[in-house]
Amino acid sequence: MKANYKFSNLCGTVYRQGNVVFTTDGNSLLSPVGNRVSVFDLVNNKSFTLPFENRKNISIIALSPDSNVLISVDEDGRALLVNFRKGVVLHHINFHKSVKDVKFSPDGKYIAVTHGAHIQVWKTPNHLAREFAPFDLHRTYTGHHDDVLAIQWSTDSKCFISTSRDMTARLYTLNPVEGFRPKTFAGHKDAVLGAYFSADTSTIYTVSRDGAVFTWKSKGTDDSDSDDEEPIASTSKGPENSNSIINTRWGVFERHYFNQAGTKVVCTTFHAPSNLLVVGFSSGVFGLWELPVFSNIHTLSISQEKISSVAINASGEWLAFGAKKLGQLLVWEWQSESYVLKQQGHYFDMNTLAYAPDGQTIATGGDDGKVKIWSTHSGFCFVTFTEHSAPISAVSFAKQGSVLFSASLDGTVRAYDLIRYRNFRTFTSPSPVQFSSLAVDPSGEVVAAGSTDSFEVFLWSVQTGKLLDILTGHEGPVSSLVFSPSGENQLISGSWDRTVRLWNVFGRSRAVEPWSVSSDVLAVAFRPDGKEASVATLDGQITIFDVAEGKQTNVIEGRKDISGGRKADDRVSAANSTSGKAFNSLAYTADGRCLLAGGNSKYVVLYDVREGEGVMVKKFQISENLSLDGTEEFLDSRRVNSAGINVDLIDDRGYESDLHDRMDTSLPGVTTGGDLSKRRYRQEARTKCVRFSPAGRTWAASSTEGLLIYSLDDTVLFDPFDLSIDLTPQTILDVLTSREYLKALIMALRLSEKPLLQRVYEKIPRGDIRLVARQVPVMYVPNLLRYVAEHLELSPHLEFDLVWANSLLVAHGRHLKDRSGEYASVFRVVQKQLTECEKAISRLCDENSSTLKYLIDQSHAKTTDKMDVVS
């Protein structure tokens, strides 16, 4: 069993906080998601998450003009300089203060960073060479009396303008100019959020939080300086300089106001080539104004909460918006008034997940009562079901057919048709109960749900929607349900009454076999062949039972494996803490060799459970984000103030500048976990559900940060098979040159180096494929079949791969069928790729047939026109 799973994508969250940034070409959007950065390719409709992590939640990001260097700064001012194209961290730097804005100069040589009431300009480190001290401070600029909020460079990179909470903007030069003093732009009555240069740099626009836009232009020589009512910029009498911005005597030319009642400006951006000003308001409304005439192009409400960040791409066609509270990310094409992207994660925690049988989609359920379906290929959510009115406790796909089931605390189990995207069946109990667990029969005909109130298990028919049976016997809430995957008509239920019951639900005897365990049952899982079951209990143990004999075969002591992480308000160390030391979710791999377990801690653990073993293979840490509770092993004494109180526990939201942020509208007891009389606002690092994909190549975890997907890392994989001393890449190439294709293929499979295997595979002539496939030893067939499926996904040689797959299945079909359980993951990979090919070809044929019909109709029309002309 390969255990080299690596983090590959973060799906369930699209935006958390901070600013969104377009790439230079305007085709991709960067969005901070917790302490990571996700990239959304808007043209190819894909998303991926960069592999690096900041120490805490990211507050600001910036991308260099050539898109080579990305800088991401967290809440504490610690920054990472990243090679954006490779996703590799180059350098670390600590700015020692929270950073409000970071901007690269247009020539990419400097980085301007806000530092309290000061601005620091650093020279951009080289992204190709490693240096000992890469960050070189160019200058520190002073003059503001409160926090600097934004920075804007001029197009020639010689000067920049900064805005501050002190209600002013100031113009600075990058390098000292003799006789020049920084110019102050005063007159606003609230904090200035943004200042922008026009395309010809003859005009400066400043935008304040109270909705005022001032236009600043050059003052003529005949203007009176004694007019006290006109706020003017401070001037300087320096020598003539080629830079007109420095030598201009700036003064207010016009004042404009947005006049949006009861709302404040939260974020702004400006597109200089088209003179478009984009403004986001605290009411969820955004507006588009054309300057300098200040004409409103359109105003639109796109969210129920305030817009936290706004960006515009280089062409000025697409606007990107991020809403922090709802976790929304929107891209709007303003000319056609249509959405390019509209995504939102779960508003509260993500409770559960399930893989579709083909492994192409993942369904998730959250505390917000929504069921979302995500594409593993693109990383986007493509449908959301909102019928439930309470948190979702479990979701499950039917083995056949496009049907999804969900159970909720609102007392209903719902079935969704994934072809028409509708809720076609709703199952309820005779008396209202809350459902905490769900299981679907392998045939897809029966659905079962366990309750937390009446301690019963309900069974319904999917076809008729009628209640078939009520299974009683448990004396505590039913926490987990699972049907035997082998079709033995067996149902296992786990409960808080410290028992696991094996029900023969469709047999005449209706036999019930209870198994006693040491503590409350939290999760139950069947091995894919149905011969073994695992039970996770509250004391941190995983107990393994032989289903046929009904006896316990092994116990895994997992308390020390999963324990880790100390919360900020814990009075004991992480080693002695009792919280989070149990698994609440179990999942077997596709071959049944390993067991994946997750719980209320920052760890997910992979165990080898073959032949009664219980060895920990690998421990995955889902997050290193210190903004979450439970990620630190030891508390930092530097975070304790003179009164002995951890400063992370002090609720400082009352100091927020926006009234909406200062207000605490939560009710006591609305946040899960901890003392319900306290206001808790720190989220905990934990995993609520883990699942393996049907192919076994990836696994997913529903965590505090979203839907984390881990996949096998094949780039550094060296897994030789039957290796000998004379087996080298050169000998393989020599054999291939002598046209001994079968021998070269087997040697490449033994060495298991992907580039070499691809070279040998593609060199085999099409006419020899059937002969070579028939002669391949059976021990190499699964590996070769898996490689053919992977090659089919990436290669343009469609017919070549299909002939290989057909030849292998025809020649070795009987051997593969006899070991279908062992090779289940290989079959699923092949099925997935063949299904994708079928869809792609059918779509292409449909498009071609439509094009051909159009061309034929056009030729007929031309012929008719000619005949009319002749006649």
# chains A, B, ... in the order shown; residues from 1 in each chain; ligands from 1
call {"tool": "residues_around", "arguments": {"residues": "Leu784 in chain A", "least_positions_apart": "4", "cutoff": "10 Å", "atoms": "only C-alpha atoms", "output": "PyMOL selection string"}}
result
chain A and resi 745-746+749+757+761+773+776+778-780+788-790+804-805+808+826
call {"tool": "residues_around", "arguments": {"residues": "Thr731 in chain A", "least_positions_apart": "3", "cutoff": "12 Å", "atoms": "only C-alpha atoms", "output": "PDB file with N, CA, C and O atoms, in the first residue's frame"}}
result
ATOM      1  N   SER A 724      16.518  -6.105 -10.243  1.00  0.00           N
ATOM      2  CA  SER A 724      17.767  -6.868 -10.282  1.00  0.00           C
ATOM      3  C   SER A 724      18.912  -5.931 -10.645  1.00  0.00           C
ATOM      4  O   SER A 724      18.689  -4.802 -11.085  1.00  0.00           O
ATOM      5  N   ILE A 725      20.163  -6.420 -10.498  1.00  0.00           N
ATOM      6  CA  ILE A 725      21.324  -5.540 -10.631  1.00  0.00           C
ATOM      7  C   ILE A 725      21.558  -5.096 -12.080  1.00  0.00           C
ATOM      8  O   ILE A 725      22.130  -4.038 -12.340  1.00  0.00           O
ATOM      9  N   ASP A 726      21.114  -5.924 -13.044  1.00  0.00           N
ATOM     10  CA  ASP A 726      21.345  -5.563 -14.442  1.00  0.00           C
ATOM     11  C   ASP A 726      20.180  -4.791 -15.057  1.00  0.00           C
ATOM     12  O   ASP A 726      20.173  -4.539 -16.257  1.00  0.00           O
ATOM     13  N   LEU A 727      19.208  -4.431 -14.227  1.00  0.00           N
ATOM     14  CA  LEU A 727      18.043  -3.695 -14.730  1.00  0.00           C
ATOM     15  C   LEU A 727      18.304  -2.197 -14.577  1.00  0.00           C
ATOM     16  O   LEU A 727      18.168  -1.636 -13.493  1.00  0.00           O
ATOM     17  N   THR A 728      18.685  -1.558 -15.664  1.00  0.00           N
ATOM     18  CA  THR A 728      18.980  -0.119 -15.651  1.00  0.00           C
ATOM     19  C   THR A 728      18.255   0.543 -16.811  1.00  0.00           C
ATOM     20  O   THR A 728      17.847  -0.129 -17.773  1.00  0.00           O
ATOM     21  N   ASP A 734      18.339  -0.214 -24.692  1.00  0.00           N
ATOM     22  CA  ASP A 734      19.028  -1.098 -25.646  1.00  0.00           C
ATOM     23  C   ASP A 734      18.091  -2.194 -26.139  1.00  0.00           C
ATOM     24  O   ASP A 734      18.060  -2.530 -27.339  1.00  0.00           O
ATOM     25  N   VAL A 735      17.328  -2.779 -25.199  1.00  0.00           N
ATOM     26  CA  VAL A 735      16.369  -3.828 -25.580  1.00  0.00           C
ATOM     27  C   VAL A 735      15.283  -3.249 -26.487  1.00  0.00           C
ATOM     28  O   VAL A 735      14.845  -3.888 -27.451  1.00  0.00           O
ATOM     29  N   LEU A 736      14.841  -2.035 -26.200  1.00  0.00           N
ATOM     30  CA  LEU A 736      13.816  -1.392 -27.019  1.00  0.00           C
ATOM     31  C   LEU A 736      14.336  -1.120 -28.431  1.00  0.00           C
ATOM     32  O   LEU A 736      13.608  -1.296 -29.422  1.00  0.00           O
ATOM     33  N   THR A 737      15.602  -0.726 -28.525  1.00  0.00           N
ATOM     34  CA  THR A 737      16.196  -0.468 -29.840  1.00  0.00           C
ATOM     35  C   THR A 737      16.260  -1.738 -30.680  1.00  0.00           C
ATOM     36  O   THR A 737      16.090  -1.706 -31.909  1.00  0.00           O
ATOM     37  N   SER A 738      16.479  -2.880 -30.016  1.00  0.00           N
ATOM     38  CA  SER A 738      16.521  -4.166 -30.739  1.00  0.00           C
ATOM     39  C   SER A 738      15.123  -4.713 -31.024  1.00  0.00           C
ATOM     40  O   SER A 738      14.995  -5.856 -31.455  1.00  0.00           O
ATOM     41  N   GLU A 740      12.675  -5.704 -29.115  1.00  0.00           N
ATOM     42  CA  GLU A 740      12.108  -6.750 -28.256  1.00  0.00           C
ATOM     43  C   GLU A 740      11.115  -6.064 -27.309  1.00  0.00           C
ATOM     44  O   GLU A 740      11.417  -5.774 -26.154  1.00  0.00           O
ATOM     45  N   LYS A 743       9.862  -7.743 -23.791  1.00  0.00           N
ATOM     46  CA  LYS A 743      10.922  -7.732 -22.778  1.00  0.00           C
ATOM     47  C   LYS A 743      11.154  -6.306 -22.257  1.00  0.00           C
ATOM     48  O   LYS A 743      11.305  -6.092 -21.054  1.00  0.00           O
ATOM     49  N   ALA A 744      11.177  -5.326 -23.167  1.00  0.00           N
ATOM     50  CA  ALA A 744      11.397  -3.937 -22.744  1.00  0.00           C
ATOM     51  C   ALA A 744      10.252  -3.445 -21.872  1.00  0.00           C
ATOM     52  O   ALA A 744      10.468  -2.732 -20.878  1.00  0.00           O
ATOM     53  N   LEU A 745       9.018  -3.830 -22.216  1.00  0.00           N
ATOM     54  CA  LEU A 745       7.860  -3.393 -21.423  1.00  0.00           C
ATOM     55  C   LEU A 745       7.905  -3.975 -20.019  1.00  0.00           C
ATOM     56  O   LEU A 745       7.654  -3.265 -19.028  1.00  0.00           O
ATOM     57  N   MET A 747      10.562  -4.998 -18.379  1.00  0.00           N
ATOM     58  CA  MET A 747      11.670  -4.365 -17.652  1.00  0.00           C
ATOM     59  C   MET A 747      11.282  -2.971 -17.174  1.00  0.00           C
ATOM     60  O   MET A 747      11.612  -2.571 -16.056  1.00  0.00           O
ATOM     61  N   ALA A 748      10.555  -2.212 -18.015  1.00  0.00           N
ATOM     62  CA  ALA A 748      10.114  -0.867 -17.613  1.00  0.00           C
ATOM     63  C   ALA A 748       9.112  -0.942 -16.478  1.00  0.00           C
ATOM     64  O   ALA A 748       9.123  -0.101 -15.559  1.00  0.00           O
ATOM     65  N   LEU A 751      11.097  -1.616 -13.300  1.00  0.00           N
ATOM     66  CA  LEU A 751      11.821  -0.438 -12.806  1.00  0.00           C
ATOM     67  C   LEU A 751      10.858   0.636 -12.315  1.00  0.00           C
ATOM     68  O   LEU A 751      11.170   1.401 -11.402  1.00  0.00           O
ATOM     69  N   LEU A 756      10.323   6.579 -18.434  1.00  0.00           N
ATOM     70  CA  LEU A 756      10.863   5.450 -19.186  1.00  0.00           C
ATOM     71  C   LEU A 756       9.745   4.514 -19.648  1.00  0.00           C
ATOM     72  O   LEU A 756       9.739   4.033 -20.786  1.00  0.00           O
TER      73      LEU A 756
END
call {"tool": "residues_around", "arguments": {"residues": "Asn94 in chain A", "least_positions_apart": "5", "cutoff": "7 Å", "atoms": "only C-alpha atoms", "output": "number ranges by chain"}}
result
A: 77-79
call {"tool": "atom_distance", "arguments": {"atom1": "CA of Gln683 in chain A", "atom2": "CA of Gln343 in chain A"}}
result
22.2 Å
call {"tool": "residues_around", "arguments": {"residues": "Met616 in chain A", "least_positions_apart": "2", "cutoff": "8 Å", "atoms": "only C-alpha atoms", "output": "PyMOL selection string"}}
result
chain A and resi 605-608+614+618-619
call {"tool": "write_last_selection", "arguments": {"atoms": "C-alpha atoms", "output": "mmCIF file, in the first residue's frame"}}
result
data_model
loop_
_atom_site.group_PDB
_atom_site.id
_atom_site.type_symbol
_atom_site.label_atom_id
_atom_site.label_comp_id
_atom_site.auth_asym_id
_atom_site.auth_seq_id
_atom_site.Cartn_x
_atom_site.Cartn_y
_atom_site.Cartn_z
ATOM 1 C CA VAL A 605 -4.015 8.664 10.721
ATOM 2 C CA LEU A 606 -3.508 5.818 8.231
ATOM 3 C CA TYR A 607 -3.254 2.286 9.699
ATOM 4 C CA ASP A 608 -2.209 -0.984 8.071
ATOM 5 C CA GLY A 614 -2.694 -2.401 13.517
ATOM 6 C CA LYS A 618 1.469 7.617 8.305
ATOM 7 C CA LYS A 619 0.080 10.579 10.190
#
